[in-house]
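Here is the file final26.cif (mmCIF, C-alpha atoms and all ligand atoms).
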```
data_coords
loop_
_atom_site.label_atom_id
_atom_site.label_comp_id
_atom_site.auth_asym_id
_atom_site.auth_seq_id
_atom_site.Cartn_x
_atom_site.Cartn_y
_atom_site.Cartn_z
CA MET E 1 17.26 32.26 -20.79
CA ILE E 2 15.56 35.49 -19.79
CA ALA E 3 12.16 34.05 -20.63
CA LEU E 4 12.93 31.01 -18.48
CA THR E 5 14.00 33.19 -15.57
CA ILE E 6 10.78 35.16 -15.79
CA ALA E 7 8.72 32.00 -15.95
CA LEU E 8 10.49 30.64 -12.88
CA GLY E 9 10.03 33.99 -11.20
CA ILE E 10 6.30 33.77 -11.74
CA LEU E 11 6.14 30.27 -10.33
CA GLN E 12 8.10 30.93 -7.15
CA PRO E 13 6.42 28.97 -4.38
CA SER E 14 7.07 31.96 -2.13
CA ASP E 15 4.52 34.00 -4.10
CA PRO E 16 1.52 34.51 -1.87
CA PRO E 17 -1.32 32.25 -2.92
CA ALA E 18 -4.53 33.72 -4.32
CA PHE E 19 -6.39 32.27 -1.35
CA GLU E 20 -5.13 30.71 1.85
CA ASN E 21 -6.84 29.59 5.04
CA GLU E 22 -4.39 28.02 7.51
CA GLU E 23 -7.08 27.01 9.98
CA LEU E 24 -8.63 24.82 7.29
CA GLY E 25 -5.52 23.94 5.30
CA ILE E 26 -6.99 25.28 2.06
CA VAL E 27 -4.86 26.95 -0.60
CA LEU E 28 -5.58 28.25 -4.09
CA ARG E 29 -2.25 28.92 -5.75
CA ARG E 30 -3.22 31.14 -8.67
CA LEU E 31 -6.44 32.35 -10.21
CA PRO E 32 -7.22 31.95 -13.90
CA ALA E 33 -7.57 35.25 -15.77
CA GLY E 34 -10.87 36.98 -15.12
CA ILE E 35 -11.69 35.06 -11.92
CA LYS E 36 -12.12 36.83 -8.62
CA LEU E 37 -12.86 35.44 -5.17
CA PRO E 38 -14.75 38.11 -3.27
CA PRO E 39 -15.35 37.41 0.42
CA PRO E 40 -18.82 36.00 0.97
CA GLY E 41 -21.69 38.32 1.80
CA GLU E 42 -22.81 38.90 5.36
CA GLY E 43 -24.47 35.92 7.00
CA SER E 44 -23.00 33.52 4.44
CA LYS E 45 -21.08 30.52 5.74
CA ALA E 46 -19.13 30.25 2.50
CA LEU E 47 -15.33 30.46 2.34
CA PHE E 48 -15.42 32.68 -0.71
CA ASP E 49 -17.59 33.48 -3.69
CA ILE E 50 -16.43 32.94 -7.25
CA VAL E 51 -17.10 35.57 -9.87
CA GLY E 52 -16.05 35.47 -13.52
CA GLU E 53 -15.87 38.18 -16.16
CA GLU E 54 -19.14 40.01 -16.78
CA LYS E 55 -20.63 37.90 -14.01
CA LYS E 56 -21.08 35.03 -16.43
CA ILE E 57 -19.47 32.69 -13.94
CA GLN E 58 -20.94 32.53 -10.46
CA GLY E 59 -19.96 30.21 -7.73
CA VAL E 60 -19.19 29.54 -4.13
CA ALA E 61 -16.83 27.45 -2.00
CA HIS E 62 -17.74 25.77 1.26
CA HIS E 63 -15.80 23.77 3.81
CA ILE E 64 -17.52 20.96 5.60
CA ALA E 65 -16.36 18.47 8.24
CA GLY E 66 -17.49 14.87 8.66
CA TRP E 67 -18.67 12.10 6.40
CA PRO E 68 -19.07 11.31 3.60
CA ARG E 69 -15.89 12.19 1.74
CA GLY E 70 -15.15 12.80 -1.95
CA ARG E 71 -17.65 11.06 -4.18
CA GLY E 72 -20.13 10.39 -1.37
CA ARG E 73 -20.13 14.10 -0.62
CA ALA E 74 -20.73 14.85 -4.32
CA ASP E 75 -23.72 12.50 -4.28
CA SER E 76 -25.35 14.19 -1.31
CA TRP E 77 -24.76 17.62 -2.78
CA GLU E 78 -26.28 16.53 -6.08
CA ALA E 79 -29.36 15.20 -4.29
CA LEU E 80 -29.73 18.55 -2.56
CA VAL E 81 -29.68 20.53 -5.82
CA LYS E 82 -32.23 18.18 -7.37
CA LYS E 83 -34.59 18.93 -4.49
CA ASP E 84 -34.10 22.69 -4.77
CA ALA E 85 -37.22 24.64 -5.73
CA ASN E 86 -35.30 26.47 -8.47
CA THR E 87 -34.19 23.23 -10.15
CA LYS E 88 -36.21 21.71 -13.00
CA SER E 89 -33.61 19.06 -13.76
CA LEU E 90 -29.97 18.22 -13.14
CA LEU E 91 -28.14 15.96 -15.57
CA ARG E 92 -24.67 14.72 -14.76
CA THR E 93 -22.51 14.80 -17.89
CA ARG E 94 -19.07 13.96 -16.57
CA GLU E 95 -17.11 12.80 -13.57
CA GLU E 96 -13.36 12.73 -13.14
CA VAL E 97 -11.47 11.27 -10.22
CA LEU E 98 -8.48 13.56 -9.75
CA THR E 99 -5.16 12.50 -8.28
CA PRO E 100 -3.87 15.34 -6.14
CA PRO E 101 -0.54 14.63 -4.36
CA LEU E 102 -2.43 14.51 -1.04
CA GLY E 103 -6.10 13.95 -0.38
CA GLU E 104 -8.88 12.71 -2.59
CA ALA E 105 -10.83 14.72 -5.15
CA VAL E 106 -13.60 14.28 -7.66
CA ARG E 107 -14.81 16.77 -10.27
CA ARG E 108 -18.32 16.60 -11.67
CA GLU E 109 -20.13 18.47 -14.41
CA TRP E 110 -23.82 18.88 -15.04
CA VAL E 111 -26.40 20.52 -17.24
CA TRP E 112 -28.59 22.37 -14.80
CA GLU E 113 -32.05 23.35 -15.95
CA LYS E 114 -33.36 26.07 -13.71
CA LYS E 115 -36.67 27.90 -13.77
CA ASP E 116 -34.91 30.87 -15.39
CA GLY E 117 -32.82 29.05 -17.98
CA ARG E 118 -30.18 26.40 -18.59
CA ALA E 119 -26.67 26.52 -17.20
CA GLY E 120 -23.55 24.42 -17.21
CA MET E 121 -22.27 23.61 -13.75
CA LEU E 122 -19.04 22.21 -12.36
CA GLY E 123 -18.25 21.00 -8.85
CA LEU E 124 -15.05 20.03 -7.09
CA PHE E 125 -15.27 17.83 -3.99
CA PHE E 126 -11.84 17.71 -2.41
CA SER E 127 -11.39 15.75 0.82
CA ARG E 128 -8.50 15.62 3.23
CA GLY E 129 -9.00 13.51 6.32
CA ASP E 130 -12.57 14.01 7.42
CA ARG E 131 -12.92 17.46 5.84
CA THR E 132 -14.14 18.40 2.39
CA LEU E 133 -13.95 21.52 0.27
CA ILE E 134 -16.97 21.90 -1.99
CA LEU E 135 -16.43 24.31 -4.84
CA ILE E 136 -19.39 24.87 -7.16
CA ALA E 137 -19.65 27.25 -10.10
CA PHE E 138 -21.98 27.67 -13.03
CA ALA E 139 -22.48 29.82 -16.12
CA PRO E 140 -25.25 30.22 -18.69
CA GLU E 141 -25.29 27.46 -21.28
CA GLU E 142 -24.31 29.77 -24.18
CA SER E 143 -21.03 30.77 -22.49
CA TRP E 144 -20.37 27.38 -20.86
CA GLU E 145 -17.51 26.13 -23.06
CA GLN E 146 -15.38 29.15 -22.20
CA ALA E 147 -16.43 29.14 -18.55
CA ARG E 148 -15.76 25.42 -18.21
CA ALA E 149 -12.13 25.74 -19.32
CA THR E 150 -11.61 28.55 -16.82
CA LEU E 151 -13.22 26.58 -14.00
CA ILE E 152 -11.18 23.46 -14.68
CA GLU E 153 -8.09 25.65 -14.47
CA LEU E 154 -9.38 27.02 -11.16
CA THR E 155 -10.00 23.57 -9.67
CA GLU E 156 -6.46 22.54 -10.59
CA GLN E 157 -5.11 25.26 -8.31
CA VAL E 158 -6.78 23.90 -5.19
CA GLU E 159 -4.78 22.21 -2.42
CA MET E 160 -6.14 20.68 0.76
CA HIS E 161 -3.69 20.17 3.61
CA HIS E 162 -3.93 18.67 7.03
CA VAL E 163 -3.97 21.25 9.79
CA TRP E 164 -1.29 20.88 12.43
CA MET E 165 -1.40 22.31 15.91
CA CYS E 166 1.68 23.34 17.87
CA GLN E 167 2.16 21.20 20.99
CA ALA E 168 3.71 24.11 22.85
CA CYS E 169 1.45 27.09 22.09
CA GLY E 170 -1.57 25.70 20.24
CA GLY E 171 -0.83 27.72 17.08
CA LYS E 172 -2.21 26.27 13.84
CA ALA E 173 -0.15 25.57 10.74
CA MET E 174 -0.40 23.88 7.37
CA GLY E 175 0.55 20.22 7.51
CA GLY E 176 4.24 19.66 6.83
CA THR E 177 5.36 23.04 8.23
CA ALA E 178 8.77 22.83 9.93
CA THR E 179 8.39 25.35 12.77
CA CYS E 180 5.60 27.10 14.59
CA ARG E 181 5.26 30.67 13.44
CA ALA E 182 4.20 31.88 16.88
CA CYS E 183 6.71 30.18 19.22
CA LYS E 184 9.36 28.90 16.76
CA ARG E 185 9.23 25.34 18.13
CA SER E 186 9.83 22.54 15.66
CA PHE E 187 6.80 20.57 14.52
CA PHE E 188 8.94 17.47 14.06
CA PRO E 189 10.20 14.94 16.58
CA ARG E 190 13.96 14.98 17.01
CA ASP E 191 14.47 11.68 15.20
CA ASP E 192 15.08 12.46 11.54
CA ARG E 193 13.98 8.97 10.43
CA ILE E 194 10.40 9.88 11.31
CA ARG E 195 10.71 13.49 10.12
CA GLU E 196 10.61 12.64 6.42
CA PHE E 197 7.51 10.48 6.88
CA SER E 198 5.82 13.21 8.89
CA ARG E 199 6.58 15.91 6.34
CA LYS E 200 5.75 13.90 3.25
CA PHE E 201 2.27 12.80 4.28
CA GLU E 202 1.57 15.73 6.61
CA ILE E 203 1.14 13.34 9.52
CA GLN E 204 1.89 15.23 12.72
CA ILE E 205 3.64 13.09 15.34
CA VAL E 206 2.54 14.40 18.73
CA LEU E 207 4.85 13.60 21.66
CA ASP E 208 2.99 15.73 24.17
CA PRO E 209 -0.74 15.04 23.91
CA SER E 210 -1.95 17.55 26.54
CA ARG E 211 -3.43 19.98 24.00
CA PHE E 212 -4.89 17.22 21.89
CA MET E 213 -6.71 15.11 24.45
CA PRO E 214 -9.33 14.06 24.86
CA VAL E 215 -9.94 13.35 21.21
CA GLY E 216 -13.49 12.14 20.91
CA ASP E 217 -13.92 9.77 23.88
CA VAL E 218 -10.23 8.88 24.10
CA ALA E 219 -7.98 10.33 26.78
CA GLY E 220 -4.37 9.69 27.79
CA ASP E 221 -1.47 11.24 29.66
CA GLU E 222 1.82 12.65 28.48
CA PRO E 223 4.29 9.80 28.05
CA ALA E 224 7.76 9.90 29.57
CA ARG E 225 10.04 11.71 27.14
CA ARG E 226 12.32 8.70 26.73
CA ASP E 227 9.36 6.38 25.93
CA ALA E 228 8.02 8.81 23.32
CA GLU E 229 11.43 9.36 21.76
CA ALA E 230 12.23 5.66 21.73
CA PHE E 231 8.95 5.04 19.94
CA CYS E 232 9.79 7.33 16.99
CA PRO E 233 12.56 5.30 15.30
CA MET E 234 10.49 2.16 15.78
CA LEU E 235 7.51 3.82 14.16
CA ALA E 236 9.81 4.92 11.32
CA ARG E 237 10.93 1.31 10.87
CA GLU E 238 7.35 0.01 10.71
CA VAL E 239 6.01 2.62 8.28
CA LYS E 240 8.84 1.80 5.89
CA LYS E 241 7.08 -1.48 5.20
CA TYR E 242 4.37 0.37 3.28
CA PRO E 243 4.35 1.97 -0.15
CA ASP E 244 3.67 5.74 -0.17
CA GLU E 245 0.32 5.12 -1.76
CA PHE E 246 -0.92 3.51 1.45
CA PHE E 247 -0.56 6.72 3.47
CA ARG E 248 -1.85 8.87 0.63
CA ARG E 249 -5.04 6.85 0.65
CA THR E 250 -5.54 6.35 4.39
CA ASP E 251 -5.18 10.11 4.70
CA PHE E 252 -4.92 10.41 8.48
CA GLY E 253 -3.15 13.50 9.76
CA ARG E 254 -1.92 12.81 13.26
CA ILE E 255 -0.37 10.14 15.46
CA ILE E 256 -0.72 11.00 19.13
CA LEU E 257 1.64 9.25 21.54
CA CYS E 258 0.49 8.87 25.13
CA GLN E 259 0.43 6.63 28.18
CA ASN E 260 -2.46 5.44 30.36
CA ILE E 261 -4.72 5.53 27.34
CA ARG E 262 -8.38 5.26 28.32
CA PHE E 263 -11.87 5.71 27.10
CA GLY E 264 -14.06 8.53 28.42
CA ARG E 265 -16.89 6.18 29.28
CA PRO E 266 -16.29 2.94 31.15
CA MET E 267 -15.24 0.03 28.94
CA ALA E 268 -15.12 -3.69 29.52
CA GLY E 269 -11.35 -3.90 29.36
CA LYS E 270 -8.03 -2.39 28.58
CA VAL E 271 -7.32 -0.40 25.43
CA LEU E 272 -4.01 -0.06 23.61
CA ALA E 273 -4.72 2.38 20.84
CA PHE E 274 -7.42 3.91 18.72
CA ALA E 275 -7.85 4.75 15.08
CA MET E 276 -10.32 7.61 15.02
CA TYR E 277 -12.35 9.04 12.19
CA HIS E 278 -14.25 11.59 14.12
CA PRO E 279 -13.79 14.37 15.10
CA GLU E 280 -10.66 13.98 12.98
CA PHE E 281 -8.53 11.35 11.27
CA VAL E 282 -6.08 10.49 14.00
CA MET E 283 -4.36 7.54 15.59
CA VAL E 284 -3.78 7.48 19.35
CA ILE E 285 -1.29 4.98 20.74
CA ASP E 286 -0.03 4.07 24.19
CA VAL E 287 3.75 3.90 23.84
CA THR E 288 4.19 1.92 27.06
CA GLU E 289 2.30 -1.13 25.79
CA LYS E 290 4.23 -4.26 24.91
CA GLN E 291 2.05 -4.93 21.88
CA LYS E 292 2.66 -1.50 20.36
CA PHE E 293 4.27 -2.62 17.10
CA ALA E 294 1.55 -4.99 16.06
CA THR E 295 -0.88 -2.33 17.27
CA ILE E 296 0.48 0.25 14.81
CA HIS E 297 -0.43 -2.01 11.91
CA HIS E 298 -3.70 -3.06 13.47
CA GLU E 299 -4.80 0.59 13.72
CA PHE E 300 -3.58 1.40 10.22
CA PHE E 301 -5.85 -1.31 8.92
CA HIS E 302 -8.89 0.28 10.56
CA PHE E 303 -8.36 3.29 8.28
CA VAL E 304 -8.37 0.98 5.26
CA ASP E 305 -11.59 -0.54 6.51
CA PHE E 306 -13.38 2.72 7.20
CA LEU E 307 -12.68 4.35 3.87
CA PRO E 308 -14.57 5.42 1.92
CA ASP E 309 -17.87 5.26 3.75
CA TYR E 310 -17.27 4.87 7.47
CA GLU E 311 -18.75 1.39 7.48
CA THR E 312 -17.15 -1.78 8.80
CA LYS E 313 -19.93 -4.32 8.31
CA ASP E 314 -18.61 -6.89 5.85
CA ALA E 315 -20.98 -9.71 4.98
CA GLN E 316 -18.50 -11.28 2.55
CA TRP E 317 -15.92 -11.56 5.32
CA THR E 318 -18.37 -12.85 7.92
CA ALA E 319 -19.41 -15.58 5.49
CA LEU E 320 -15.86 -17.00 5.63
CA ASN E 321 -16.49 -18.12 9.20
CA ALA E 322 -17.84 -21.51 10.23
CA LYS E 323 -21.61 -21.88 10.06
CA GLY E 324 -23.38 -20.40 13.04
CA PHE E 325 -20.40 -18.37 14.25
CA ARG E 326 -21.19 -14.98 15.82
CA TYR E 327 -18.68 -12.25 16.63
CA ASP E 328 -18.64 -11.24 20.30
CA PRO E 329 -18.24 -7.48 20.78
CA ALA E 330 -17.77 -8.04 24.53
CA LEU E 331 -14.30 -9.49 23.88
CA TRP E 332 -11.73 -6.87 24.62
CA ALA E 333 -8.31 -5.83 23.39
CA GLU E 334 -6.18 -7.50 26.03
CA ALA E 335 -7.06 -10.85 24.50
CA LEU E 336 -4.23 -10.60 21.99
CA LEU E 337 -3.15 -14.17 22.63
CA ASP E 338 -3.24 -16.78 19.92
CA SER E 339 -6.76 -17.98 19.46
CA LYS E 340 -7.59 -21.55 20.26
CA VAL E 341 -10.63 -21.26 18.05
CA LYS E 342 -10.03 -22.27 14.45
CA GLY E 343 -10.34 -19.51 11.89
CA PHE E 344 -8.94 -16.75 14.11
CA ILE E 345 -5.40 -15.48 14.52
CA SER E 346 -6.00 -14.06 18.02
CA GLU E 347 -8.63 -14.09 20.75
CA TYR E 348 -9.49 -10.48 19.97
CA SER E 349 -10.19 -11.44 16.36
CA ARG E 350 -13.47 -12.87 17.54
CA ALA E 351 -14.74 -9.43 18.64
CA SER E 352 -15.94 -8.24 15.22
CA GLU E 353 -15.14 -8.55 11.53
CA ALA E 354 -13.26 -5.22 11.74
CA GLU E 355 -11.02 -6.51 14.56
CA ASP E 356 -10.65 -9.90 12.88
CA LYS E 357 -9.26 -8.25 9.75
CA ALA E 358 -7.10 -5.76 11.67
CA GLU E 359 -5.56 -8.55 13.78
CA LEU E 360 -4.77 -10.67 10.75
CA PHE E 361 -3.32 -7.68 8.93
CA ALA E 362 -1.08 -6.86 11.90
CA CYS E 363 0.11 -10.46 11.94
CA LEU E 364 0.93 -10.29 8.22
CA MET E 365 2.86 -7.05 8.64
CA MET E 366 4.84 -8.38 11.62
CA ASP E 367 5.29 -12.06 11.00
CA GLN E 368 4.11 -13.75 7.81
CA LYS E 369 5.62 -17.01 8.91
CA ARG E 370 3.29 -17.13 11.88
CA ALA E 371 0.33 -16.53 9.55
CA ARG E 372 1.51 -19.35 7.27
CA VAL E 373 2.04 -21.80 10.11
CA ARG E 374 -1.28 -20.98 11.72
CA SER E 375 -3.23 -21.35 8.49
CA ARG E 376 -1.59 -24.61 7.44
CA ASP E 377 -4.24 -26.80 9.07
CA ASP E 378 -6.89 -24.13 9.28
CA GLU E 379 -8.90 -23.74 6.12
CA ILE E 380 -10.95 -20.83 7.39
CA LEU E 381 -7.86 -18.88 8.36
CA ALA E 382 -6.26 -19.67 4.99
CA ARG E 383 -9.33 -18.32 3.18
CA LYS E 384 -9.30 -15.22 5.35
CA LEU E 385 -5.63 -14.60 4.59
CA ALA E 386 -6.31 -14.79 0.88
CA ARG E 387 -9.32 -12.49 1.15
CA LEU E 388 -7.44 -10.00 3.32
CA LYS E 389 -4.64 -9.75 0.78
CA GLU E 390 -7.28 -9.08 -1.87
CA ILE E 391 -8.85 -6.29 0.21
CA VAL E 392 -5.45 -4.71 0.80
CA ARG E 393 -4.49 -4.93 -2.87
CA ASP E 394 -7.78 -3.35 -3.94
CA PHE E 395 -7.15 -0.51 -1.53
CA CYS E 396 -3.49 -0.09 -2.44
CA PRO E 397 -2.51 -1.91 -5.67
CA LYS E 398 1.19 -1.72 -4.80
CA MET E 399 0.60 -4.03 -1.84
CA ASP E 400 0.51 -7.13 -4.02
CA GLY E 401 2.16 -10.55 -3.84
CA GLU E 402 5.55 -9.03 -4.61
CA HIS E 403 5.14 -6.57 -1.79
CA TRP E 404 4.35 -9.30 0.74
CA LYS E 405 7.41 -11.21 -0.44
CA SER E 406 9.59 -8.12 -0.09
CA ILE E 407 8.70 -7.62 3.58
CA ASP E 408 8.78 -11.32 4.52
CA ARG E 409 11.58 -12.01 6.95
ZN ZN M 501 3.93 27.23 18.88
ZN ZN M 502 -9.05 -2.54 16.53
#
```

Mind turning the file's structure into structure tokens?
Ligand SMILES: [Zn+2]
Ligand SMILES: [Zn+2]
Amino acid sequence: MIALTIALGILQPSDPPAFENEELGIVLRRLPAGIKLPPPGEGSKALFDIVGEEKKIQGVAHHIAGWPRGRGRADSWEALVKKDANTKSLLRTREEVLTPPLGEAVRREWVWEKKDGRAGMLGLFFSRGDRTLILIAFAPEESWEQARATLIELTEQVEMHHVWMCQACGGKAMGGTATCRACKRSFFPRDDRIREFSRKFEIQIVLDPSRFMPVGDVAGDEPARRDAEAFCPMLAREVKKYPDEFFRRTDFGRIILCQNIRFGRPMAGKVLAFAMYHPEFVMVIDVTEKQKFATIHHEFFHFVDFLPDYETKDAQWTALNAKGFRYDPALWAEALLDSKVKGFISEYSRASEAEDKAELFACLMMDQKRARVRSRDDEILARKLARLKEIVRDFCPKMDGEHWKSIDR
């Protein structure tokens, strides 16, 4: 009993972590024996250095924003080391896709032949939203087995969180935090149906966008309090249609509610919402729009489409269309009416393959019956529905046939 108490005492979550950076949402809970994280030397852009006993382990951790994420980031880093003047060869020996509770991580190992000898090397590429932590460490080949075990232990202590910003004072906090440390305001909307969703996936629901806009080219005004608050339970109802896995994978960190949503540069037509990937993973939605429920799902699908490589060209999808068909990017979002053109669920579907898929997905999430009826005499649409379900299931295996049945009204 005493031993258990001590063990629990050691693992108290209130123990200060070995490393914590709230501005970047990075935490290292505990350090393996013998590992130290000295602050980086002057002029270094690193987060921290990594030093092991007798300097046999050396390493460094960096934070980087933008694409690619996870494995793509590991690839570009690997290419960089191969080009380095000190590198004779770099041989990848192992790759593991890790499953952290939040975010996406891959761990790679190499034999690194340098001009001054051979070393074992290990890298962790941990992404959350559009940001990645790159942790690299190496040790001479003769001490690698020991070093490797220590470094694996180290990588298992890493957490990446979304970074929240207080709507009232602009203070930063780790995603999921209940109240702002500076001004004591709650980070959660009043509606407790949306609170659990917000906390669990570290998705900040922003009711007052003034501090957050513009985000990229998108601007909008503060919505009326009653519109924003009425939106929350409806959002809670819609997100319940998804398995947890969906939000773990899409990995966005913020939903910004606004009104009079607009684009910084002039656009052909009206906008309803945006799913953004840069400068951060965020969804912006106009809560005064009639189409807002379908729009939630439409925007969610854009995240599915963009991961993992920020690319929405899809030749396989385009090939489902009738011969000679071309998407028309000049079509704009207000054309959400049923399409009179065969093969498309709405007018806006004809804007691009990304919009085509997002529109069909929104229709499936809102009204499967409509999708069934519309595709009954429309072979192209029927093929697209089947393909879309495949894409969704590949992205999130829990969204299978059973899932679609369970949310069919
Ligand atoms: Zn605050
Ligand atoms: Zn769209």

Here is a test: counting all atoms listed in the file, which residue of E:Lys115, E:His302, E:Lys56, E:Arg376 is nearest to ligand ZN 502 (chain M)? E:His302

Go through chain E and flag each residue having an atom no more than 7 Å from ligand ZN 501 (chain M); for those, report the closest pair of atoms plus their distance in Å to one decimal, using only C-alpha atoms and all ligand atoms, ordered by chain and rising number, as a tab-separated table.
```
residue	atom	partner	partner_atom	distance
E:Cys166	CA	M:ZN501	ZN	4.6
E:Gln167	CA	M:ZN501	ZN	6.6
E:Ala168	CA	M:ZN501	ZN	5.1
E:Cys169	CA	M:ZN501	ZN	4.1
E:Gly170	CA	M:ZN501	ZN	5.9
E:Gly171	CA	M:ZN501	ZN	5.1
E:Cys180	CA	M:ZN501	ZN	4.6
E:Arg181	CA	M:ZN501	ZN	6.6
E:Ala182	CA	M:ZN501	ZN	5.1
E:Cys183	CA	M:ZN501	ZN	4.1
E:Lys184	CA	M:ZN501	ZN	6.1
E:Arg185	CA	M:ZN501	ZN	5.7
```

How would you write, as number ranges by chain, the set of residues no farther than 9 Å from ligand ZN 502 (chain M) when counting all atoms listed in the file? E: 273-275, 295, 298-299, 301-302, 333, 348-349, 354-359

Could you pull the residues within 7 Å of stretch 312-324 of chain E, counting all atoms listed in the file, minus those fewer than 6 positions along the same chain, as a PyMOL selection string? chain E and resi 305-306+343+353-354+380+384

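Proximity ranking of E:Arg71, E:Tyr242, E:Lys342, E:Val158 relative to E:Glu379 places E:Lys342 first, based on only C-alpha atoms.
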
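Closest approach to E:Thr150 among E:Arg254, E:Lys45, E:Lys240, E:Arg30: E:Arg30, based on all atoms listed in the file.
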
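Minimum atom-to-atom distance to E:Leu360, evaluated using all atoms listed in the file, belongs to E:Arg374 out of E:Arg374, E:Arg248, E:Arg190, E:Arg107.
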
What would stretch 156-176 of chain E look like if you wrote it out as a PDB file, in the first residue's frame, with N, CA and C atoms included, from the block I just posted?
```pdb
ATOM      1  N   GLU E 156       8.673   9.054 -25.651  1.00  0.00           N
ATOM      2  CA  GLU E 156       7.354   8.709 -25.125  1.00  0.00           C
ATOM      3  C   GLU E 156       6.831   9.725 -24.112  1.00  0.00           C
ATOM      4  N   GLN E 157       7.674  10.633 -23.708  1.00  0.00           N
ATOM      5  CA  GLN E 157       7.259  11.656 -22.737  1.00  0.00           C
ATOM      6  C   GLN E 157       6.810  12.949 -23.404  1.00  0.00           C
ATOM      7  N   VAL E 158       6.829  12.969 -24.724  1.00  0.00           N
ATOM      8  CA  VAL E 158       6.519  14.209 -25.441  1.00  0.00           C
ATOM      9  C   VAL E 158       5.015  14.351 -25.663  1.00  0.00           C
ATOM     10  N   GLU E 159       4.493  15.538 -25.428  1.00  0.00           N
ATOM     11  CA  GLU E 159       3.090  15.857 -25.760  1.00  0.00           C
ATOM     12  C   GLU E 159       3.086  17.130 -26.601  1.00  0.00           C
ATOM     13  N   MET E 160       2.231  17.131 -27.607  1.00  0.00           N
ATOM     14  CA  MET E 160       2.014  18.364 -28.376  1.00  0.00           C
ATOM     15  C   MET E 160       0.566  18.754 -28.179  1.00  0.00           C
ATOM     16  N   HIS E 161       0.322  19.987 -27.799  1.00  0.00           N
ATOM     17  CA  HIS E 161      -1.042  20.475 -27.581  1.00  0.00           C
ATOM     18  C   HIS E 161      -1.343  21.627 -28.526  1.00  0.00           C
ATOM     19  N   HIS E 162      -2.619  21.832 -28.774  1.00  0.00           N
ATOM     20  CA  HIS E 162      -2.988  23.065 -29.448  1.00  0.00           C
ATOM     21  C   HIS E 162      -2.742  24.216 -28.482  1.00  0.00           C
ATOM     22  N   VAL E 163      -2.550  25.397 -29.048  1.00  0.00           N
ATOM     23  CA  VAL E 163      -2.354  26.575 -28.207  1.00  0.00           C
ATOM     24  C   VAL E 163      -3.616  27.419 -28.293  1.00  0.00           C
ATOM     25  N   TRP E 164      -4.209  27.683 -27.160  1.00  0.00           N
ATOM     26  CA  TRP E 164      -5.411  28.512 -27.117  1.00  0.00           C
ATOM     27  C   TRP E 164      -5.033  29.946 -26.779  1.00  0.00           C
ATOM     28  N   MET E 165      -5.911  30.857 -27.187  1.00  0.00           N
ATOM     29  CA  MET E 165      -5.683  32.260 -26.852  1.00  0.00           C
ATOM     30  C   MET E 165      -6.957  32.819 -26.219  1.00  0.00           C
ATOM     31  N   CYS E 166      -6.793  33.504 -25.108  1.00  0.00           N
ATOM     32  CA  CYS E 166      -7.933  34.059 -24.384  1.00  0.00           C
ATOM     33  C   CYS E 166      -8.603  35.146 -25.228  1.00  0.00           C
ATOM     34  N   GLN E 167      -9.929  35.056 -25.355  1.00  0.00           N
ATOM     35  CA  GLN E 167     -10.674  36.044 -26.144  1.00  0.00           C
ATOM     36  C   GLN E 167     -10.672  37.415 -25.473  1.00  0.00           C
ATOM     37  N   ALA E 168     -10.559  37.393 -24.127  1.00  0.00           N
ATOM     38  CA  ALA E 168     -10.654  38.651 -23.391  1.00  0.00           C
ATOM     39  C   ALA E 168      -9.310  39.382 -23.322  1.00  0.00           C
ATOM     40  N   CYS E 169      -8.228  38.652 -22.989  1.00  0.00           N
ATOM     41  CA  CYS E 169      -6.962  39.371 -22.735  1.00  0.00           C
ATOM     42  C   CYS E 169      -5.838  38.959 -23.681  1.00  0.00           C
ATOM     43  N   GLY E 170      -6.059  37.939 -24.497  1.00  0.00           N
ATOM     44  CA  GLY E 170      -5.014  37.533 -25.441  1.00  0.00           C
ATOM     45  C   GLY E 170      -3.973  36.601 -24.842  1.00  0.00           C
ATOM     46  N   GLY E 171      -4.145  36.224 -23.564  1.00  0.00           N
ATOM     47  CA  GLY E 171      -3.202  35.309 -22.918  1.00  0.00           C
ATOM     48  C   GLY E 171      -3.213  33.938 -23.595  1.00  0.00           C
ATOM     49  N   LYS E 172      -2.047  33.284 -23.644  1.00  0.00           N
ATOM     50  CA  LYS E 172      -1.965  31.965 -24.264  1.00  0.00           C
ATOM     51  C   LYS E 172      -2.130  30.873 -23.214  1.00  0.00           C
ATOM     52  N   ALA E 173      -2.634  29.730 -23.651  1.00  0.00           N
ATOM     53  CA  ALA E 173      -2.769  28.600 -22.734  1.00  0.00           C
ATOM     54  C   ALA E 173      -2.734  27.307 -23.519  1.00  0.00           C
ATOM     55  N   MET E 174      -2.390  26.227 -22.823  1.00  0.00           N
ATOM     56  CA  MET E 174      -2.437  24.903 -23.437  1.00  0.00           C
ATOM     57  C   MET E 174      -3.871  24.577 -23.818  1.00  0.00           C
ATOM     58  N   GLY E 175      -4.071  23.946 -24.950  1.00  0.00           N
ATOM     59  CA  GLY E 175      -5.397  23.516 -25.359  1.00  0.00           C
ATOM     60  C   GLY E 175      -6.081  22.701 -24.274  1.00  0.00           C
ATOM     61  N   GLY E 176      -7.365  22.972 -24.046  1.00  0.00           N
ATOM     62  CA  GLY E 176      -8.120  22.217 -23.061  1.00  0.00           C
ATOM     63  C   GLY E 176      -8.157  22.866 -21.681  1.00  0.00           C
TER      64      GLY E 176
END
```
